[in-house]
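Chemist: Got a structure for you, query-v1.tsv, holding TSV, C-alpha atoms and all ligand atoms.
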```
chain	number	residue	atom	x	y	z
A	442	MET	CA	181.62	142.24	105.92
A	443	ARG	CA	178.55	140.84	107.63
A	444	LYS	CA	177.60	137.36	106.61
A	445	ARG	CA	174.21	136.46	105.11
A	446	LEU	CA	171.23	137.22	107.34
A	447	ASP	CA	169.93	133.66	107.03
A	448	SER	CA	171.92	130.93	105.38
A	449	MET	CA	168.66	129.15	104.42
A	450	GLN	CA	167.39	132.21	102.50
A	451	THR	CA	165.46	131.22	99.36
A	452	ILE	CA	165.03	133.04	96.06
A	453	ILE	CA	162.07	135.39	96.39
A	454	PHE	CA	161.90	136.61	92.76
A	455	ASP	CA	163.15	135.04	89.53
A	456	LYS	CA	164.12	138.38	88.03
A	457	ILE	CA	164.48	141.74	89.76
A	458	ALA	CA	165.03	144.95	87.77
A	459	LEU	CA	166.66	147.91	89.49
A	460	ILE	CA	166.09	151.25	87.80
A	461	GLY	CA	168.64	153.68	89.22
A	462	ILE	CA	171.86	152.39	90.77
A	463	GLY	CA	172.92	155.14	93.17
A	464	LEU	CA	173.20	154.86	96.95
A	465	ILE	CA	169.86	153.07	97.42
A	466	GLY	CA	169.82	151.05	94.17
A	467	SER	CA	173.39	149.79	94.64
A	468	SER	CA	172.76	148.93	98.31
A	469	LEU	CA	169.76	146.89	97.15
A	470	ALA	CA	171.88	145.21	94.47
A	471	ARG	CA	174.49	144.25	97.05
A	472	VAL	CA	172.01	142.79	99.56
A	473	ILE	CA	170.03	141.00	96.79
A	474	ARG	CA	173.23	139.29	95.68
A	475	ARG	CA	174.48	138.55	99.20
A	476	GLU	CA	171.15	137.02	100.21
A	477	GLY	CA	170.47	135.34	96.85
A	478	LEU	CA	167.05	137.00	96.51
A	479	ALA	CA	166.87	136.81	92.69
A	480	ARG	CA	167.98	134.42	89.98
A	481	HIS	CA	168.67	137.36	87.66
A	482	LEU	CA	169.34	140.98	88.63
A	483	ALA	CA	168.96	143.52	85.81
A	484	ILE	CA	170.39	147.01	86.25
A	485	ALA	CA	169.32	150.13	84.38
A	486	THR	CA	170.55	153.67	84.80
A	487	ARG	CA	170.38	156.86	82.77
A	488	SER	CA	174.06	157.44	82.00
A	489	SER	CA	176.60	155.10	80.49
A	490	GLU	CA	179.22	156.33	83.02
A	491	THR	CA	177.13	155.16	86.01
A	492	LEU	CA	176.27	151.93	84.17
A	493	GLU	CA	179.95	151.23	83.60
A	494	GLN	CA	180.69	151.88	87.25
A	495	ALA	CA	177.91	149.44	88.27
A	496	HIS	CA	179.36	146.86	85.87
A	497	HIS	CA	182.85	147.41	87.24
A	498	LEU	CA	181.50	146.85	90.77
A	499	ASP	CA	179.79	143.66	89.50
A	500	LEU	CA	176.44	144.70	90.96
A	501	GLY	CA	174.15	142.74	88.64
A	502	ASP	CA	173.71	140.07	85.94
A	503	SER	CA	172.76	142.39	83.05
A	504	TYR	CA	173.23	146.11	82.40
A	505	THR	CA	171.40	148.58	80.17
A	506	THR	CA	170.61	152.27	79.79
A	507	SER	CA	167.10	151.28	78.65
A	508	ASN	CA	164.57	151.08	81.50
A	509	ALA	CA	162.14	149.22	79.21
A	510	GLU	CA	164.72	146.55	78.37
A	511	ALA	CA	165.58	146.00	82.05
A	512	VAL	CA	161.99	145.37	83.18
A	513	ARG	CA	161.16	142.76	80.50
A	514	ASP	CA	160.24	139.49	82.30
A	515	ALA	CA	161.00	141.04	85.70
A	516	ASP	CA	158.86	139.88	88.63
A	517	LEU	CA	159.91	142.82	90.79
A	518	VAL	CA	160.80	146.30	89.49
A	519	ILE	CA	162.30	148.84	91.92
A	520	ALA	CA	162.71	152.47	90.89
A	521	SER	CA	165.52	154.12	92.88
A	522	VAL	CA	165.69	157.50	91.15
A	523	PRO	CA	165.07	161.09	92.32
A	524	VAL	CA	161.32	161.46	93.01
A	525	GLY	CA	160.87	164.10	90.28
A	526	THR	CA	161.86	161.46	87.71
A	527	SER	CA	159.16	158.95	88.66
A	528	GLU	CA	156.75	159.86	85.87
A	529	SER	CA	159.30	159.45	83.09
A	530	VAL	CA	160.35	156.06	84.53
A	531	ALA	CA	156.70	154.90	84.62
A	532	ARG	CA	156.22	156.02	80.99
A	533	ASP	CA	159.40	154.19	79.93
A	534	ILE	CA	158.48	150.85	81.50
A	535	ALA	CA	154.67	150.76	81.13
A	536	GLY	CA	154.59	148.84	77.83
A	537	ASP	CA	157.15	146.21	78.83
A	538	LEU	CA	155.98	145.08	82.25
A	539	LYS	CA	155.22	141.41	82.76
A	540	GLU	CA	151.70	140.44	83.83
A	541	GLY	CA	151.58	140.10	87.62
A	542	ALA	CA	154.88	141.97	88.19
A	543	ILE	CA	155.29	144.03	91.35
A	544	VAL	CA	156.38	147.62	90.70
A	545	THR	CA	157.69	149.57	93.66
A	546	ASP	CA	159.98	152.52	94.41
A	547	VAL	CA	162.11	153.85	97.26
A	548	GLY	CA	161.30	157.56	96.93
A	549	SER	CA	161.32	159.80	100.00
A	550	THR	CA	157.88	161.24	99.14
A	551	LYS	CA	154.88	159.04	98.41
A	552	GLY	CA	151.88	161.17	97.36
A	553	SER	CA	153.74	162.70	94.45
A	554	VAL	CA	155.30	159.40	93.29
A	555	ILE	CA	151.84	157.80	93.24
A	556	GLU	CA	150.43	160.74	91.28
A	557	GLN	CA	153.26	160.52	88.75
A	558	MET	CA	153.42	156.74	88.28
A	559	ARG	CA	149.90	155.34	88.78
A	560	PRO	CA	148.29	156.80	85.63
A	561	HIS	CA	150.91	155.19	83.38
A	562	LEU	CA	151.16	151.69	84.89
A	563	PRO	CA	149.00	148.93	83.36
A	564	SER	CA	146.29	147.30	85.47
A	565	HIS	CA	147.94	143.89	85.15
A	566	VAL	CA	150.81	144.86	87.53
A	567	HIS	CA	150.81	145.40	91.30
A	568	PHE	CA	151.98	148.92	92.11
A	569	ILE	CA	153.06	149.14	95.77
A	570	PRO	CA	155.04	152.30	96.62
A	571	GLY	CA	157.67	152.05	99.35
A	572	HIS	CA	160.30	154.00	101.25
A	573	PRO	CA	163.23	152.51	103.18
A	574	ILE	CA	164.06	154.83	106.09
A	575	ALA	CA	167.76	154.29	105.60
A	576	GLY	CA	170.40	156.36	103.89
A	577	THR	CA	173.49	158.48	104.13
A	578	GLU	CA	174.62	161.81	102.72
A	579	ARG	CA	176.55	160.04	99.95
A	580	SER	CA	175.35	159.14	96.46
A	581	GLY	CA	176.25	157.02	93.45
A	582	PRO	CA	176.97	153.26	93.03
A	583	ASP	CA	180.19	153.39	95.10
A	584	ALA	CA	178.32	154.73	98.12
A	585	GLY	CA	176.07	151.69	98.61
A	586	PHE	CA	176.58	148.83	101.06
A	587	ALA	CA	174.62	145.64	101.74
A	588	GLU	CA	174.00	146.44	105.42
A	589	LEU	CA	172.24	149.77	104.77
A	590	PHE	CA	168.74	148.46	105.49
A	591	GLU	CA	169.56	146.34	108.53
A	592	GLY	CA	167.42	147.18	111.53
A	593	ARG	CA	165.81	150.10	109.64
A	594	TRP	CA	162.14	150.51	108.82
A	595	CYS	CA	160.77	150.20	105.34
A	596	ILE	CA	157.37	151.84	104.94
A	597	LEU	CA	155.04	150.48	102.25
A	598	THR	CA	152.11	152.67	101.21
A	599	PRO	CA	149.70	150.27	99.43
A	600	LEU	CA	146.84	151.73	97.40
A	601	GLU	CA	143.22	150.68	97.82
A	602	GLY	CA	142.60	147.15	96.50
A	603	THR	CA	146.28	146.10	96.65
A	604	ASP	CA	146.67	142.34	96.23
A	605	ALA	CA	147.46	140.80	99.64
A	606	ASP	CA	149.81	138.20	98.18
A	607	ALA	CA	151.86	140.82	96.27
A	608	MET	CA	152.04	142.93	99.44
A	609	ALA	CA	153.23	139.90	101.44
A	610	ARG	CA	155.91	139.09	98.84
A	611	LEU	CA	157.22	142.65	98.82
A	612	ALA	CA	157.26	142.77	102.62
A	613	ALA	CA	159.15	139.43	102.66
A	614	PHE	CA	161.69	140.91	100.23
A	615	TRP	CA	162.36	143.91	102.50
A	616	ARG	CA	162.61	141.65	105.55
A	617	ALA	CA	165.18	139.56	103.67
A	618	CYS	CA	167.12	142.81	103.11
A	619	GLY	CA	167.22	143.23	106.90
A	620	SER	CA	164.41	145.77	107.34
A	621	ASP	CA	161.36	145.86	109.57
A	622	VAL	CA	158.27	146.59	107.49
A	623	ASP	CA	155.36	148.89	108.26
A	624	SER	CA	152.49	150.06	106.09
A	625	MET	CA	151.01	153.52	106.10
A	626	ASP	CA	148.65	155.80	104.22
A	627	PRO	CA	150.73	157.89	101.71
A	628	VAL	CA	149.45	161.24	103.02
A	629	HIS	CA	150.36	160.26	106.57
A	630	HIS	CA	153.77	159.03	105.37
A	631	ASP	CA	154.47	162.42	103.80
A	632	MET	CA	153.52	164.26	107.00
A	633	VAL	CA	155.63	162.01	109.25
A	634	LEU	CA	158.66	162.19	106.94
A	635	ALA	CA	158.32	165.96	106.63
A	636	MET	CA	158.86	166.07	110.41
A	637	VAL	CA	161.52	163.42	110.95
A	638	SER	CA	163.59	163.85	107.80
A	639	HIS	CA	162.69	166.73	105.49
A	640	LEU	CA	162.51	169.47	108.17
A	641	PRO	CA	165.85	168.45	109.79
A	642	HIS	CA	167.53	168.54	106.37
A	643	LEU	CA	166.09	171.99	105.66
A	644	ILE	CA	167.26	173.26	109.04
A	645	ALA	CA	170.72	171.87	108.29
A	646	TYR	CA	170.82	173.39	104.79
A	647	ASN	CA	169.69	176.70	106.28
A	648	ILE	CA	172.12	176.81	109.20
A	649	VAL	CA	175.12	175.86	107.06
A	650	GLY	CA	174.00	178.42	104.46
A	651	THR	CA	173.72	181.11	107.17
A	652	ALA	CA	177.22	180.32	108.44
A	653	ASP	CA	178.50	180.53	104.89
A	654	ASP	CA	176.92	183.99	104.49
A	655	LEU	CA	178.13	185.44	107.83
A	656	GLU	CA	180.60	188.26	107.43
A	657	THR	CA	181.61	188.58	111.12
A	658	VAL	CA	182.79	184.98	111.34
A	659	THR	CA	185.23	183.90	108.69
A	660	LYS	CA	184.84	180.68	106.70
A	661	SER	CA	188.08	179.34	108.16
A	662	GLU	CA	186.72	179.84	111.71
A	663	VAL	CA	183.51	178.01	110.78
A	664	ILE	CA	185.59	175.05	109.61
A	665	LYS	CA	188.20	175.25	112.36
A	666	TYR	CA	185.72	175.26	115.29
A	667	SER	CA	183.08	173.07	113.67
A	668	ALA	CA	183.38	170.30	116.29
A	669	SER	CA	181.07	172.30	118.55
A	670	GLY	CA	177.71	171.34	117.02
A	671	PHE	CA	177.91	172.82	113.53
A	672	ARG	CA	179.67	169.74	112.19
A	673	ASP	CA	176.65	167.50	112.74
A	674	PHE	CA	174.56	169.82	110.59
A	675	THR	CA	177.15	169.77	107.81
A	676	ARG	CA	176.67	166.01	107.39
A	677	LEU	CA	172.98	166.49	106.57
A	678	ALA	CA	173.72	169.61	104.52
A	679	ALA	CA	176.09	167.56	102.33
A	680	SER	CA	173.18	165.41	101.09
A	681	ASP	CA	172.53	165.08	97.37
A	682	PRO	CA	171.22	168.40	95.95
A	683	THR	CA	169.11	166.76	93.22
A	684	MET	CA	167.41	164.38	95.63
A	685	TRP	CA	166.64	167.12	98.16
A	686	ARG	CA	165.50	169.65	95.57
A	687	ASP	CA	162.99	167.02	94.39
A	688	VAL	CA	161.89	166.16	97.95
A	689	CYS	CA	161.16	169.85	98.65
A	690	LEU	CA	159.24	170.32	95.41
A	691	HIS	CA	157.31	167.05	95.80
A	692	ASN	CA	156.31	167.21	99.47
A	693	LYS	CA	155.57	170.91	99.44
A	694	ASP	CA	152.39	171.03	101.56
A	695	ALA	CA	153.60	168.82	104.40
A	696	ILE	CA	156.98	170.58	104.50
A	697	LEU	CA	155.41	174.03	104.57
A	698	GLU	CA	153.13	172.89	107.43
A	699	MET	CA	156.11	171.61	109.45
A	700	LEU	CA	158.16	174.74	108.70
A	701	ALA	CA	155.29	176.91	109.99
A	702	ARG	CA	155.13	174.89	113.24
A	703	PHE	CA	158.91	175.05	113.54
A	704	SER	CA	158.99	178.85	113.07
A	705	GLU	CA	156.32	179.33	115.77
A	706	ASP	CA	158.27	177.19	118.24
A	707	LEU	CA	161.51	178.96	117.36
A	708	ALA	CA	159.86	182.34	118.04
A	709	SER	CA	158.72	181.05	121.43
A	710	LEU	CA	162.28	179.90	122.20
A	711	GLN	CA	163.56	183.31	121.16
A	712	ARG	CA	161.09	184.94	123.59
A	713	ALA	CA	162.22	182.66	126.44
A	714	ILE	CA	165.85	183.68	125.87
A	715	ARG	CA	164.96	187.39	125.56
A	716	TRP	CA	162.97	187.38	128.85
A	717	GLY	CA	165.38	185.12	130.73
A	718	ASP	CA	162.79	182.34	131.13
A	719	GLY	CA	165.26	179.67	132.30
A	720	ASP	CA	162.50	177.27	133.42
A	721	LYS	CA	161.04	177.17	129.95
A	722	LEU	CA	164.44	176.52	128.39
A	723	PHE	CA	165.27	173.83	130.96
A	724	ASP	CA	161.90	172.08	130.46
A	725	LEU	CA	162.31	171.99	126.70
A	726	PHE	CA	165.90	170.72	126.83
A	727	ASN	CA	164.85	168.03	129.32
A	728	ARG	CA	161.99	166.92	127.06
A	729	THR	CA	164.22	166.73	124.00
A	730	ARG	CA	166.84	164.72	125.88
A	731	ALA	CA	164.14	162.13	126.68
A	732	ILE	CA	163.34	161.82	122.96
A	733	ARG	CA	166.99	161.03	122.23
A	734	ARG	CA	166.85	158.32	124.93
A	735	SER	CA	163.71	156.81	123.35
A	736	ILE	CA	165.41	156.66	119.94
A	737	ILE	CA	168.33	154.75	121.45
A	738	GLU	CA	165.96	152.42	123.35
A	739	ALA	CA	164.10	151.74	120.07
A	740	GLY	CA	167.43	150.61	118.52
A	741	GLN	CA	167.43	153.41	115.92
A	742	ASP	CA	170.80	154.76	117.09
A	743	VAL	CA	173.62	153.82	119.43
A	744	ASP	CA	174.53	155.56	122.65
A	745	VAL	CA	178.07	156.63	121.85
A	746	PRO	CA	179.53	160.12	121.50
A	747	ASP	CA	180.09	161.66	118.04
A	748	PHE	CA	176.34	162.01	117.55
A	749	GLY	CA	175.89	158.24	117.66
A	750	ARG	CA	177.99	157.60	114.60
A	751	GLN	CA	180.58	154.88	114.33
A	752	ALA	CA	182.88	154.14	111.45
A	753	GLY	CA	181.08	151.82	109.06
A	754	LYS	CA	177.66	152.26	110.67
A	755	ALA	CA	175.61	154.71	108.66
A	756	PRO	CA	172.95	156.96	110.13
A	757	ALA	CA	169.37	156.75	108.89
A	758	GLU	CA	168.18	159.16	106.22
B	801	LIG	P1	171.68	158.68	93.86
B	801	LIG	O1	172.73	157.96	94.62
B	801	LIG	O2	171.92	160.09	93.46
B	801	LIG	O3	171.32	157.82	92.53
B	801	LIG	C1	170.33	158.26	91.68
B	801	LIG	C2	170.11	157.29	90.54
B	801	LIG	O4	169.02	157.84	89.75
B	801	LIG	C3	171.29	157.14	89.59
B	801	LIG	O5	171.28	155.83	89.04
B	801	LIG	C4	170.99	158.18	88.53
B	801	LIG	O6	171.44	157.81	87.25
B	801	LIG	C5	169.49	158.12	88.44
B	801	LIG	N1	168.95	159.42	87.97
B	801	LIG	C6	169.25	160.63	88.43
B	801	LIG	N2	168.57	161.58	87.74
B	801	LIG	C7	167.83	160.92	86.84
B	801	LIG	C8	166.95	161.33	85.82
B	801	LIG	N3	166.64	162.63	85.63
B	801	LIG	N4	166.37	160.37	85.04
B	801	LIG	C9	166.66	159.06	85.23
B	801	LIG	N5	167.51	158.61	86.18
B	801	LIG	C10	168.08	159.54	86.96
B	801	LIG	O7	170.29	158.68	94.65
B	801	LIG	P2	169.80	157.81	95.91
B	801	LIG	O8	170.32	158.42	97.16
B	801	LIG	O9	170.04	156.37	95.63
B	801	LIG	O10	168.23	158.14	95.89
B	801	LIG	C11	167.35	157.46	95.04
B	801	LIG	C12	165.94	157.56	95.63
B	801	LIG	O11	165.95	157.03	96.95
B	801	LIG	C13	165.39	158.98	95.73
B	801	LIG	O12	164.04	158.98	95.33
B	801	LIG	C14	165.45	159.30	97.21
B	801	LIG	O13	164.40	160.14	97.60
B	801	LIG	C15	165.30	157.91	97.83
B	801	LIG	N6	165.92	157.74	99.14
B	801	LIG	C16	167.16	158.26	99.37
B	801	LIG	C17	167.75	158.09	100.61
B	801	LIG	C18	169.12	158.67	100.90
B	801	LIG	O14	169.48	158.83	102.07
B	801	LIG	N7	169.90	158.97	99.91
B	801	LIG	C19	167.08	157.36	101.61
B	801	LIG	C20	165.83	156.80	101.32
B	801	LIG	C21	165.25	157.00	100.09
B	801	LIG	P3	172.78	158.37	86.55
B	801	LIG	O15	173.86	158.39	87.60
B	801	LIG	O16	173.01	157.34	85.49
B	801	LIG	O17	172.45	159.72	86.03
```
Translate the structure described by the file into structure tokens.
Ligand code: NAP
Modeler:
Amino acid sequence: MRKRLDSMQTIIFDKIALIGIGLIGSSLARVIRREGLARHLAIATRSSETLEQAHHLDLGDSYTTSNAEAVRDADLVIASVPVGTSESVARDIAGDLKEGAIVTDVGSTKGSVIEQMRPHLPSHVHFIPGHPIAGTERSGPDAGFAELFEGRWCILTPLEGTDADAMARLAAFWRACGSDVDSMDPVHHDMVLAMVSHLPHLIAYNIVGTADDLETVTKSEVIKYSASGFRDFTRLAASDPTMWRDVCLHNKDAILEMLARFSEDLASLQRAIRWGDGDKLFDLFNRTRAIRRSIIEAGQDVDVPDFGRQAGKAPAE
């Protein structure tokens, strides 16, 4: 276990309410407790089974299945639920939010979360959407760990007129969780994430689905020989179905745009193979190798075999 990021860390919020205690919510709970970022940590989740599990893991100071109850007197409220659920969470909490509270989320899409939540939130709170670019293919309270956000970016997508002090406090919170913080326009966020996260997941879901459907290669061969490239796709393709269904439905335009670009480039690759255009293939593979090097140089992955994964060190979302 890594020790606290800064032994002099001070309390940033008196009360933090976490709505949703899966992979992201429970990782936040763990780092909030480790770093002492709140005097009181309230946990809310939909089902009593998950709530019990969170209690058993000792993730917070109070536990409830009522979102409204959790946010009472909270200075920071973080929704960590599938993006398609954002509107119902905003409806639940709207009447119980403290004046001056910061309301944020961790959803993988931003335009849709803003559309769903903004109309319901009172004007006396600061709504600042966010997205930590950190995750794994696992879900639920057991899957979380305090180090998840370390060295990863958290993108905040403030709306026009956002209070500078609230923005600074939220950014300080994410830094205390170990993240670097950037801010971005929500539309741009959705386009960038469609490329770096949503499209790769769709390619993985598709390739693993194709292998599953193939009749000439048996399922046992797919599993037996999976070390040769296929395996790395299966990690992404094992990601939470609810989360990824919602991402696809809630970032539709940007994803369709990236899929169109991808299909055009794939057709061009197909043509190069058909016509034996080795130079074209070599140039592309050289260019893509340089991108991998830049990612390692930027500290976003480590240069070890096994696709950069090490036991205990999770890949980004
Ligand atoms: P998760 O592990 O599946 O946990 C989801 C949480 O949301 C659980 O507490 C679950 O409650 C609750 N929930 C599920 N459906 C709900 C519904 N219909 N109404 C109310 N609550 C509901 O999910 P996660 O991976 O933490 O993802 C949470 C958010 O983080 C998503 O918006 C996702 O886009 C974003 N995100 C994920 C990753 C990643 O890699 N996983 C990375 C960055 C951002 P119960 O168990 O009680 O039903």
Chemist: Do you know which residues are at most 12 Å from region 659-663 of chain A counting only C-alpha atoms, after dropping those on the same chain fewer than 4 positions away, and could you put them as a ChimeraX atom specification?
Modeler: /A:648-655,667-672,675
Chemist: Please, which residues have at least one atom within 7 Å of an atom of ligand LIG 801 (chain B), using all atoms listed in the file, listed as a PDB file with C-alpha atoms, keeping the file's coordinate frame?
Modeler:
```pdb
ATOM      1  CA  GLY A 461     168.640 153.680  89.220  1.00  0.00           C
ATOM      2  CA  ILE A 462     171.860 152.390  90.770  1.00  0.00           C
ATOM      3  CA  GLY A 463     172.920 155.140  93.170  1.00  0.00           C
ATOM      4  CA  LEU A 464     173.200 154.860  96.950  1.00  0.00           C
ATOM      5  CA  ILE A 465     169.860 153.070  97.420  1.00  0.00           C
ATOM      6  CA  GLY A 466     169.820 151.050  94.170  1.00  0.00           C
ATOM      7  CA  THR A 486     170.550 153.670  84.800  1.00  0.00           C
ATOM      8  CA  ARG A 487     170.380 156.860  82.770  1.00  0.00           C
ATOM      9  CA  SER A 488     174.060 157.440  82.000  1.00  0.00           C
ATOM     10  CA  SER A 489     176.600 155.100  80.490  1.00  0.00           C
ATOM     11  CA  GLU A 490     179.220 156.330  83.020  1.00  0.00           C
ATOM     12  CA  THR A 491     177.130 155.160  86.010  1.00  0.00           C
ATOM     13  CA  LEU A 492     176.270 151.930  84.170  1.00  0.00           C
ATOM     14  CA  SER A 521     165.520 154.120  92.880  1.00  0.00           C
ATOM     15  CA  VAL A 522     165.690 157.500  91.150  1.00  0.00           C
ATOM     16  CA  PRO A 523     165.070 161.090  92.320  1.00  0.00           C
ATOM     17  CA  VAL A 524     161.320 161.460  93.010  1.00  0.00           C
ATOM     18  CA  THR A 526     161.860 161.460  87.710  1.00  0.00           C
ATOM     19  CA  VAL A 547     162.110 153.850  97.260  1.00  0.00           C
ATOM     20  CA  GLY A 548     161.300 157.560  96.930  1.00  0.00           C
ATOM     21  CA  SER A 549     161.320 159.800 100.000  1.00  0.00           C
ATOM     22  CA  THR A 550     157.880 161.240  99.140  1.00  0.00           C
ATOM     23  CA  HIS A 572     160.300 154.000 101.250  1.00  0.00           C
ATOM     24  CA  PRO A 573     163.230 152.510 103.180  1.00  0.00           C
ATOM     25  CA  ILE A 574     164.060 154.830 106.090  1.00  0.00           C
ATOM     26  CA  ALA A 575     167.760 154.290 105.600  1.00  0.00           C
ATOM     27  CA  GLY A 576     170.400 156.360 103.890  1.00  0.00           C
ATOM     28  CA  THR A 577     173.490 158.480 104.130  1.00  0.00           C
ATOM     29  CA  GLU A 578     174.620 161.810 102.720  1.00  0.00           C
ATOM     30  CA  ARG A 579     176.550 160.040  99.950  1.00  0.00           C
ATOM     31  CA  SER A 580     175.350 159.140  96.460  1.00  0.00           C
ATOM     32  CA  GLY A 581     176.250 157.020  93.450  1.00  0.00           C
ATOM     33  CA  PRO A 582     176.970 153.260  93.030  1.00  0.00           C
ATOM     34  CA  ASP A 681     172.530 165.080  97.370  1.00  0.00           C
ATOM     35  CA  MET A 684     167.410 164.380  95.630  1.00  0.00           C
ATOM     36  CA  VAL A 688     161.890 166.160  97.950  1.00  0.00           C
ATOM     37  CA  GLU A 758     168.180 159.160 106.220  1.00  0.00           C
TER      38      GLU A 758
END
```
Chemist: Select, from A:Gly592, A:Leu482, A:Gln494, A:Ser468, the residue with the minimum atom-to-atom distance to Gly740 (chain A), counting only C-alpha atoms.
Modeler: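 Of the candidates, the smallest distance to Gly740 (chain A) is held by A:Gly592.
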Chemist: Would you mind listing, for every residue of region 570-655 of chain A within 10 Å of region 515-520 of chain A, the two atoms forming the shortest contact and the distance between them in Å to one decimal, using only C-alpha atoms, sorted by chain and ascending residue number, as a Markdown table?
Modeler:
```
| residue | atom | partner | partner_atom | distance |
| --- | --- | --- | --- | --- |
| A:Pro570 | CA | A:Ile519 | CA | 9.3 |
| A:Gly571 | CA | A:Ile519 | CA | 9.3 |
| A:Ala607 | CA | A:Leu517 | CA | 9.9 |
| A:Arg610 | CA | A:Leu517 | CA | 9.7 |
| A:Leu611 | CA | A:Leu517 | CA | 8.5 |
| A:Phe614 | CA | A:Leu517 | CA | 9.8 |
```
Chemist: Please produce a file of those selected residues containing C-alpha atoms, as a PDB file, in the frame of the given file.
Modeler:
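The result, written out as selection.pdb:
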```
ATOM      1  CA  PRO A 570     155.040 152.300  96.620  1.00  0.00           C
ATOM      2  CA  GLY A 571     157.670 152.050  99.350  1.00  0.00           C
ATOM      3  CA  ALA A 607     151.860 140.820  96.270  1.00  0.00           C
ATOM      4  CA  ARG A 610     155.910 139.090  98.840  1.00  0.00           C
ATOM      5  CA  LEU A 611     157.220 142.650  98.820  1.00  0.00           C
ATOM      6  CA  PHE A 614     161.690 140.910 100.230  1.00  0.00           C
TER       7      PHE A 614
END
```
Chemist: Using all atoms listed in the file, which residue out of A:Ala679, A:Ala495, A:Ala605, A:Leu538 lies closest to Glu510 (chain A)?
Modeler: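 That would be A:Leu538, the residue with the smallest distance to Glu510 (chain A).
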Chemist: Identify, on the basis of all atoms listed in the file, every residue whose closest approach to region 716-728 of chain A does not exceed 12 Å; exclude the query and any residue fewer than 6 positions from it along the same chain; express the result as a list of chain:residue names.
Modeler: A:Asp706, A:Leu707, A:Ser709, A:Leu710, A:Arg734, A:Ser735
Chemist: Dump C-alpha atoms for the selected residues as a tab-separated table (two decimals), in the coordinates of the input?
Modeler:
```
chain	number	residue	atom	x	y	z
A	706	ASP	CA	158.27	177.19	118.24
A	707	LEU	CA	161.51	178.96	117.36
A	709	SER	CA	158.72	181.05	121.43
A	710	LEU	CA	162.28	179.90	122.20
A	734	ARG	CA	166.85	158.32	124.93
A	735	SER	CA	163.71	156.81	123.35
```
Chemist: Counting all atoms listed in the file, figure out which residue out of A:Leu600, A:Glu656, A:Pro682, A:Ile484 gets nearest to Arg471 (chain A).
Modeler: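 Of A:Leu600, A:Glu656, A:Pro682, A:Ile484, the one nearest Arg471 (chain A), counting all atoms listed in the file, is A:Ile484.
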Chemist: To one decimal place in Å, what is the distance between CA of Gly619 (chain A) and CA of Leu589 (chain A)?
Modeler: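 Interatomic distance here is 8.5 Å.
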Chemist: Suppose you want the space between CA of Ile714 (chain A) and CA of Glu698 (chain A); what is it in Å?
Modeler: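 Taking CA of Ile714 (chain A) and CA of Glu698 (chain A), their separation equals 24.9 Å.
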Chemist: Could you please determine the separation between CA of Ile736 (chain A) and CA of Ile644 (chain A) in Å, to one decimal place?
Modeler: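 Taking CA of Ile736 (chain A) as the start and CA of Ile644 (chain A) as the end point, the length is 19.9 Å.
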Chemist: Determine, counting all atoms listed in the file, which protein, DNA and RNA residues have an atom within 8 Å of an atom of region 622-625 of chain A; residues of the same chain fewer than 5 positions away are not included. Present the result as a PDB file with C-alpha atoms, in the coordinates of the input.
Modeler:
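Result file follows (out32.pdb):
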```pdb
ATOM      1  CA  TRP A 594     162.140 150.510 108.820  1.00  0.00           C
ATOM      2  CA  CYS A 595     160.770 150.200 105.340  1.00  0.00           C
ATOM      3  CA  ILE A 596     157.370 151.840 104.940  1.00  0.00           C
ATOM      4  CA  LEU A 597     155.040 150.480 102.250  1.00  0.00           C
ATOM      5  CA  THR A 598     152.110 152.670 101.210  1.00  0.00           C
ATOM      6  CA  PRO A 599     149.700 150.270  99.430  1.00  0.00           C
ATOM      7  CA  ALA A 612     157.260 142.770 102.620  1.00  0.00           C
ATOM      8  CA  TRP A 615     162.360 143.910 102.500  1.00  0.00           C
ATOM      9  CA  ARG A 616     162.610 141.650 105.550  1.00  0.00           C
ATOM     10  CA  HIS A 630     153.770 159.030 105.370  1.00  0.00           C
TER      11      HIS A 630
END
```
Chemist: I need the residue nearest Leu700 (chain A) from this list: A:Asp606, A:Arg559, A:Met632, A:Asp621. Use all atoms listed in the file for the distance.
Modeler: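 Looking at the shortest contact to Leu700 (chain A), the residue is A:Met632.
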Chemist: Between A:Tyr646, A:Tyr504, A:Phe454, A:Trp685, which residue has the minimum interatomic distance to Glu476 (chain A), considering all atoms listed in the file?
Modeler: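 Result for the nearest residue to Glu476 (chain A): A:Phe454.
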Chemist: Restricting the calculation to only C-alpha atoms, which member of A:Ile534, A:Ala617, A:Ser527, A:Leu677 is positioned closest to Ala587 (chain A)?
Modeler: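 Closest to Ala587 (chain A) of all the choices is A:Ala617.
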